[in-house]
>>> print(open('protein-v7.txt').read())   # compact mmCIF, N, CA and C atoms
# COMPACT_ATOMS: atom_id res chain seq x y z
N MET A 1 180.26 185.88 -17.98
CA MET A 1 178.82 186.05 -17.99
C MET A 1 178.18 184.82 -18.62
N PRO A 2 177.20 184.20 -17.98
CA PRO A 2 176.57 183.00 -18.53
C PRO A 2 175.77 183.32 -19.79
N ILE A 3 175.68 182.34 -20.66
CA ILE A 3 174.95 182.51 -21.91
C ILE A 3 173.53 181.98 -21.72
N SER A 4 172.55 182.77 -22.19
CA SER A 4 171.15 182.35 -22.06
C SER A 4 170.85 181.19 -23.02
N LEU A 5 169.73 180.54 -22.80
CA LEU A 5 169.33 179.42 -23.64
C LEU A 5 169.13 179.87 -25.09
N LEU A 6 168.51 181.04 -25.30
CA LEU A 6 168.30 181.56 -26.65
C LEU A 6 169.64 181.84 -27.33
N GLU A 7 170.57 182.45 -26.60
CA GLU A 7 171.89 182.71 -27.17
C GLU A 7 172.61 181.41 -27.50
N ARG A 8 172.48 180.43 -26.62
CA ARG A 8 173.14 179.13 -26.85
C ARG A 8 172.57 178.46 -28.11
N LYS A 9 171.24 178.53 -28.30
CA LYS A 9 170.63 177.96 -29.50
C LYS A 9 171.07 178.73 -30.75
N SER A 10 171.17 180.05 -30.63
CA SER A 10 171.62 180.86 -31.76
C SER A 10 173.06 180.52 -32.13
N TRP A 11 173.91 180.37 -31.12
CA TRP A 11 175.30 179.98 -31.36
C TRP A 11 175.35 178.62 -32.02
N ARG A 12 174.52 177.71 -31.56
CA ARG A 12 174.52 176.35 -32.11
C ARG A 12 174.14 176.39 -33.59
N THR A 13 173.14 177.20 -33.94
CA THR A 13 172.72 177.34 -35.33
C THR A 13 173.84 177.95 -36.16
N ALA A 14 174.40 179.06 -35.66
CA ALA A 14 175.48 179.72 -36.39
C ALA A 14 176.70 178.80 -36.50
N GLY A 15 177.02 178.09 -35.42
CA GLY A 15 178.15 177.16 -35.45
C GLY A 15 177.94 176.04 -36.45
N SER A 16 176.73 175.52 -36.52
CA SER A 16 176.42 174.47 -37.49
C SER A 16 176.58 174.99 -38.91
N LEU A 17 176.12 176.21 -39.14
CA LEU A 17 176.27 176.80 -40.47
C LEU A 17 177.74 177.03 -40.81
N LEU A 18 178.51 177.49 -39.84
CA LEU A 18 179.94 177.71 -40.10
C LEU A 18 180.67 176.41 -40.39
N THR A 19 180.32 175.34 -39.68
CA THR A 19 180.98 174.06 -39.96
C THR A 19 180.60 173.54 -41.34
N THR A 20 179.42 173.93 -41.84
CA THR A 20 179.00 173.54 -43.18
C THR A 20 179.62 174.44 -44.24
N LEU A 21 179.63 175.76 -43.99
CA LEU A 21 180.16 176.71 -44.96
C LEU A 21 181.69 176.65 -45.07
N LEU A 22 182.35 176.36 -43.98
CA LEU A 22 183.82 176.32 -43.95
C LEU A 22 184.30 174.98 -43.38
N PRO A 23 184.01 173.88 -44.10
CA PRO A 23 184.32 172.56 -43.54
C PRO A 23 185.81 172.30 -43.36
N ASP A 24 186.66 172.87 -44.22
CA ASP A 24 188.10 172.65 -44.07
C ASP A 24 188.62 173.23 -42.76
N ARG A 25 188.00 174.32 -42.34
CA ARG A 25 188.46 175.01 -41.16
C ARG A 25 187.77 174.56 -39.87
N TYR A 26 186.44 174.36 -39.96
CA TYR A 26 185.65 174.09 -38.76
C TYR A 26 184.81 172.82 -38.83
N GLY A 27 185.00 172.00 -39.84
CA GLY A 27 184.16 170.83 -40.06
C GLY A 27 184.11 169.84 -38.92
N ARG A 28 185.15 169.75 -38.11
CA ARG A 28 185.18 168.76 -37.02
C ARG A 28 184.77 169.32 -35.67
N LEU A 29 184.42 170.59 -35.62
CA LEU A 29 184.08 171.22 -34.34
C LEU A 29 182.62 170.98 -33.96
N GLU A 30 182.39 170.90 -32.67
CA GLU A 30 181.03 170.94 -32.15
C GLU A 30 180.56 172.39 -32.33
N PRO A 31 179.29 172.62 -32.66
CA PRO A 31 178.82 173.98 -32.86
C PRO A 31 178.53 174.72 -31.55
N THR A 32 179.55 174.87 -30.71
CA THR A 32 179.38 175.57 -29.44
C THR A 32 180.38 176.71 -29.34
N VAL A 33 180.07 177.68 -28.48
CA VAL A 33 180.97 178.81 -28.26
C VAL A 33 182.31 178.31 -27.73
N GLU A 34 182.24 177.36 -26.82
CA GLU A 34 183.47 176.84 -26.21
C GLU A 34 184.38 176.19 -27.23
N ALA A 35 183.81 175.37 -28.12
CA ALA A 35 184.60 174.68 -29.13
C ALA A 35 185.26 175.66 -30.09
N PHE A 36 184.50 176.67 -30.53
CA PHE A 36 185.07 177.67 -31.43
C PHE A 36 186.13 178.51 -30.70
N GLY A 37 185.88 178.84 -29.44
CA GLY A 37 186.86 179.60 -28.66
C GLY A 37 188.17 178.85 -28.52
N THR A 38 188.09 177.55 -28.25
CA THR A 38 189.29 176.73 -28.13
C THR A 38 190.02 176.63 -29.47
N ALA A 39 189.27 176.40 -30.55
CA ALA A 39 189.88 176.27 -31.87
C ALA A 39 190.52 177.58 -32.34
N LEU A 40 189.87 178.70 -32.00
CA LEU A 40 190.40 180.01 -32.41
C LEU A 40 191.45 180.53 -31.44
N GLY A 41 191.52 179.95 -30.26
CA GLY A 41 192.49 180.39 -29.26
C GLY A 41 192.22 181.78 -28.72
N THR A 42 190.93 182.08 -28.55
CA THR A 42 190.56 183.41 -28.07
C THR A 42 189.28 183.36 -27.25
N ALA A 43 189.13 184.34 -26.38
CA ALA A 43 187.88 184.48 -25.63
C ALA A 43 186.92 185.38 -26.39
N ALA A 44 187.44 186.15 -27.35
CA ALA A 44 186.62 187.05 -28.17
C ALA A 44 186.14 186.29 -29.41
N VAL A 45 185.35 185.26 -29.18
CA VAL A 45 184.92 184.36 -30.25
C VAL A 45 184.11 185.10 -31.31
N LEU A 46 183.13 185.89 -30.91
CA LEU A 46 182.27 186.60 -31.86
C LEU A 46 183.08 187.51 -32.77
N VAL A 47 183.96 188.31 -32.21
CA VAL A 47 184.77 189.25 -33.00
C VAL A 47 185.65 188.49 -33.98
N THR A 48 186.28 187.43 -33.51
CA THR A 48 187.17 186.66 -34.36
C THR A 48 186.41 185.95 -35.48
N LEU A 49 185.26 185.35 -35.15
CA LEU A 49 184.47 184.67 -36.18
C LEU A 49 183.96 185.64 -37.24
N ARG A 50 183.59 186.83 -36.82
CA ARG A 50 183.12 187.81 -37.80
C ARG A 50 184.23 188.21 -38.77
N SER A 51 185.46 188.25 -38.31
CA SER A 51 186.55 188.59 -39.23
C SER A 51 186.90 187.39 -40.12
N VAL A 52 186.81 186.19 -39.58
CA VAL A 52 187.14 184.99 -40.36
C VAL A 52 186.06 184.70 -41.41
N ALA A 53 184.80 184.87 -41.05
CA ALA A 53 183.68 184.53 -41.92
C ALA A 53 183.01 185.76 -42.50
N ALA A 54 183.78 186.79 -42.82
CA ALA A 54 183.22 188.06 -43.30
C ALA A 54 182.35 187.88 -44.53
N ALA A 55 182.74 187.01 -45.44
CA ALA A 55 181.97 186.82 -46.68
C ALA A 55 180.62 186.17 -46.43
N GLU A 56 180.48 185.44 -45.32
CA GLU A 56 179.24 184.73 -45.03
C GLU A 56 178.34 185.44 -44.02
N LEU A 57 178.71 186.61 -43.55
CA LEU A 57 177.95 187.29 -42.50
C LEU A 57 176.50 187.57 -42.89
N ALA A 58 176.24 187.80 -44.15
CA ALA A 58 174.87 188.12 -44.57
C ALA A 58 173.93 186.93 -44.41
N VAL A 59 174.45 185.71 -44.46
CA VAL A 59 173.58 184.53 -44.35
C VAL A 59 173.60 183.89 -42.98
N LEU A 60 174.56 184.27 -42.14
CA LEU A 60 174.65 183.69 -40.80
C LEU A 60 173.69 184.40 -39.85
N PRO A 61 172.98 183.64 -39.02
CA PRO A 61 172.06 184.27 -38.09
C PRO A 61 172.78 184.96 -36.94
N ALA A 62 172.09 185.89 -36.29
CA ALA A 62 172.63 186.53 -35.09
C ALA A 62 172.88 185.45 -34.05
N PRO A 63 173.84 185.54 -33.23
CA PRO A 63 174.70 186.65 -32.91
C PRO A 63 175.96 186.74 -33.77
N VAL A 64 176.28 185.73 -34.58
CA VAL A 64 177.50 185.79 -35.38
C VAL A 64 177.30 186.68 -36.59
N GLY A 65 176.27 186.42 -37.37
CA GLY A 65 176.04 187.17 -38.60
C GLY A 65 174.97 188.23 -38.45
N PHE A 66 174.52 188.70 -39.60
CA PHE A 66 173.57 189.81 -39.61
C PHE A 66 172.18 189.40 -40.06
N SER A 67 171.98 188.14 -40.38
CA SER A 67 170.67 187.65 -40.78
C SER A 67 169.78 187.59 -39.55
N ARG A 68 168.48 187.78 -39.76
CA ARG A 68 167.55 187.69 -38.63
C ARG A 68 167.51 186.28 -38.10
N ARG A 69 167.17 186.16 -36.85
CA ARG A 69 166.97 184.83 -36.28
C ARG A 69 165.79 184.18 -36.97
N MET A 70 165.88 182.89 -37.12
CA MET A 70 164.80 182.16 -37.77
C MET A 70 163.59 182.14 -36.83
N ALA A 71 162.45 182.52 -37.36
CA ALA A 71 161.23 182.51 -36.56
C ALA A 71 160.71 181.09 -36.43
N VAL A 72 160.23 180.79 -35.27
CA VAL A 72 159.64 179.48 -35.05
C VAL A 72 158.20 179.55 -35.53
N VAL A 73 157.88 178.71 -36.47
CA VAL A 73 156.53 178.70 -37.03
C VAL A 73 155.72 177.64 -36.31
N LYS A 74 154.66 178.08 -35.69
CA LYS A 74 153.78 177.15 -34.99
C LYS A 74 152.73 176.63 -35.98
N PRO A 75 152.44 175.36 -35.94
CA PRO A 75 151.42 174.84 -36.86
C PRO A 75 150.05 175.44 -36.54
N ALA A 76 149.30 175.64 -37.60
CA ALA A 76 147.95 176.19 -37.42
C ALA A 76 147.08 175.18 -36.69
N PRO A 77 146.19 175.66 -35.84
CA PRO A 77 145.31 174.71 -35.16
C PRO A 77 144.43 173.99 -36.19
N GLN A 78 144.16 172.76 -35.91
CA GLN A 78 143.33 171.97 -36.83
C GLN A 78 141.92 172.54 -36.84
N SER A 79 141.41 172.80 -38.04
CA SER A 79 140.05 173.31 -38.11
C SER A 79 139.07 172.15 -37.96
N VAL A 80 137.91 172.47 -37.49
CA VAL A 80 136.88 171.45 -37.28
C VAL A 80 136.09 171.30 -38.56
N GLN A 81 136.05 170.09 -39.06
CA GLN A 81 135.29 169.83 -40.29
C GLN A 81 133.82 169.69 -39.93
N HIS A 82 133.00 170.39 -40.65
CA HIS A 82 131.56 170.29 -40.42
C HIS A 82 131.06 168.95 -40.94
N ALA A 83 129.99 168.47 -40.33
CA ALA A 83 129.39 167.22 -40.79
C ALA A 83 128.77 167.42 -42.15
N THR A 84 128.74 166.36 -42.92
CA THR A 84 128.13 166.45 -44.25
C THR A 84 126.61 166.34 -44.13
N GLY A 85 125.92 166.76 -45.15
CA GLY A 85 124.46 166.66 -45.15
C GLY A 85 123.81 168.03 -45.33
N ARG A 86 122.50 168.04 -45.14
CA ARG A 86 121.76 169.29 -45.33
C ARG A 86 122.13 170.30 -44.28
N SER A 87 122.04 171.55 -44.65
CA SER A 87 122.26 172.63 -43.71
C SER A 87 121.07 172.70 -42.78
N PRO A 88 121.29 173.13 -41.54
CA PRO A 88 120.15 173.27 -40.63
C PRO A 88 119.21 174.38 -41.12
N PRO A 89 117.96 174.32 -40.73
CA PRO A 89 117.03 175.37 -41.18
C PRO A 89 117.45 176.73 -40.62
N ALA A 90 117.14 177.75 -41.38
CA ALA A 90 117.48 179.11 -40.96
C ALA A 90 116.62 179.50 -39.77
N PRO A 91 117.15 180.32 -38.86
CA PRO A 91 116.33 180.76 -37.72
C PRO A 91 115.16 181.62 -38.19
N PRO A 92 114.03 181.57 -37.49
CA PRO A 92 112.88 182.39 -37.92
C PRO A 92 113.20 183.88 -37.81
N VAL A 93 112.59 184.62 -38.68
CA VAL A 93 112.83 186.06 -38.71
C VAL A 93 111.82 186.82 -37.93
>>> encode(input="protein-v7.txt", output="structure tokens")
Amino acid sequence: MPISLLERKSWRTAGSLLTTLLPDRYGRLEPTVEAFGTALGTAAVLVTLRSVAAAELAVLPAPVGFSRRMAVVKPAPQSVQHATGRSPPAPPV
């Protein structure tokens, strides 16, 4: 079954974290499902990684760990600065 773009990005994030958290074991791997599958010698990469990295599951993002996916924060739109000077006269009542 092909992996969606979102799943691929999630795997890349989790893989990067695993290579950082466990550098002796995974430090030289590319953070991809294929690289971890080859290194682990299994097609059940998720199941195997969860057993290997059990202590880190709370901090690893889905799909490997149990932490929520990181939300993408969009920058706030730039507000328009009002011109300096006197305020315009109030409308008649």
>>> atom_distance(input="protein-v7.txt", atom1="atom N of Asp24 (chain A)", atom2="CA of Glu7 (chain A)")
24.6 Å
>>> atom_distance(input="protein-v7.txt", atom1="atom C of Gly15 (chain A)", atom2="atom C of Leu29 (chain A)")
7.3 Å
>>> closest_atom_pairs(input="protein-v7.txt", of="region 5-45 of chain A", to="region 57-61 of chain A", cutoff="9 Å", atoms="only C-alpha atoms", output="JSON lines")
{"residue": "A:Ser10", "atom": "CA", "partner": "A:Pro61", "partner_atom": "CA", "distance": 7.2}
{"residue": "A:Trp11", "atom": "CA", "partner": "A:Pro61", "partner_atom": "CA", "distance": 8.6}
{"residue": "A:Thr13", "atom": "CA", "partner": "A:Pro61", "partner_atom": "CA", "distance": 7.5}
{"residue": "A:Ala14", "atom": "CA", "partner": "A:Pro61", "partner_atom": "CA", "distance": 5.9}
{"residue": "A:Leu17", "atom": "CA", "partner": "A:Leu60", "partner_atom": "CA", "distance": 7.1}
{"residue": "A:Leu18", "atom": "CA", "partner": "A:Leu60", "partner_atom": "CA", "distance": 8.0}
>>> atom_distance(input="protein-v7.txt", atom1="CA of Ala62 (chain A)", atom2="atom N of Phe36 (chain A)")
16.1 Å
>>> closest_residue(input="protein-v7.txt", among="A:Gly41, A:Leu21, A:Tyr26, A:Lys9", to="Ala54 (chain A)", atoms="only C-alpha atoms")
A:Leu21
>>> closest_residue(input="protein-v7.txt", among="A:Pro91, A:Ser16, A:Val52, A:Phe66", to="Val33 (chain A)", atoms="only C-alpha atoms")
A:Ser16
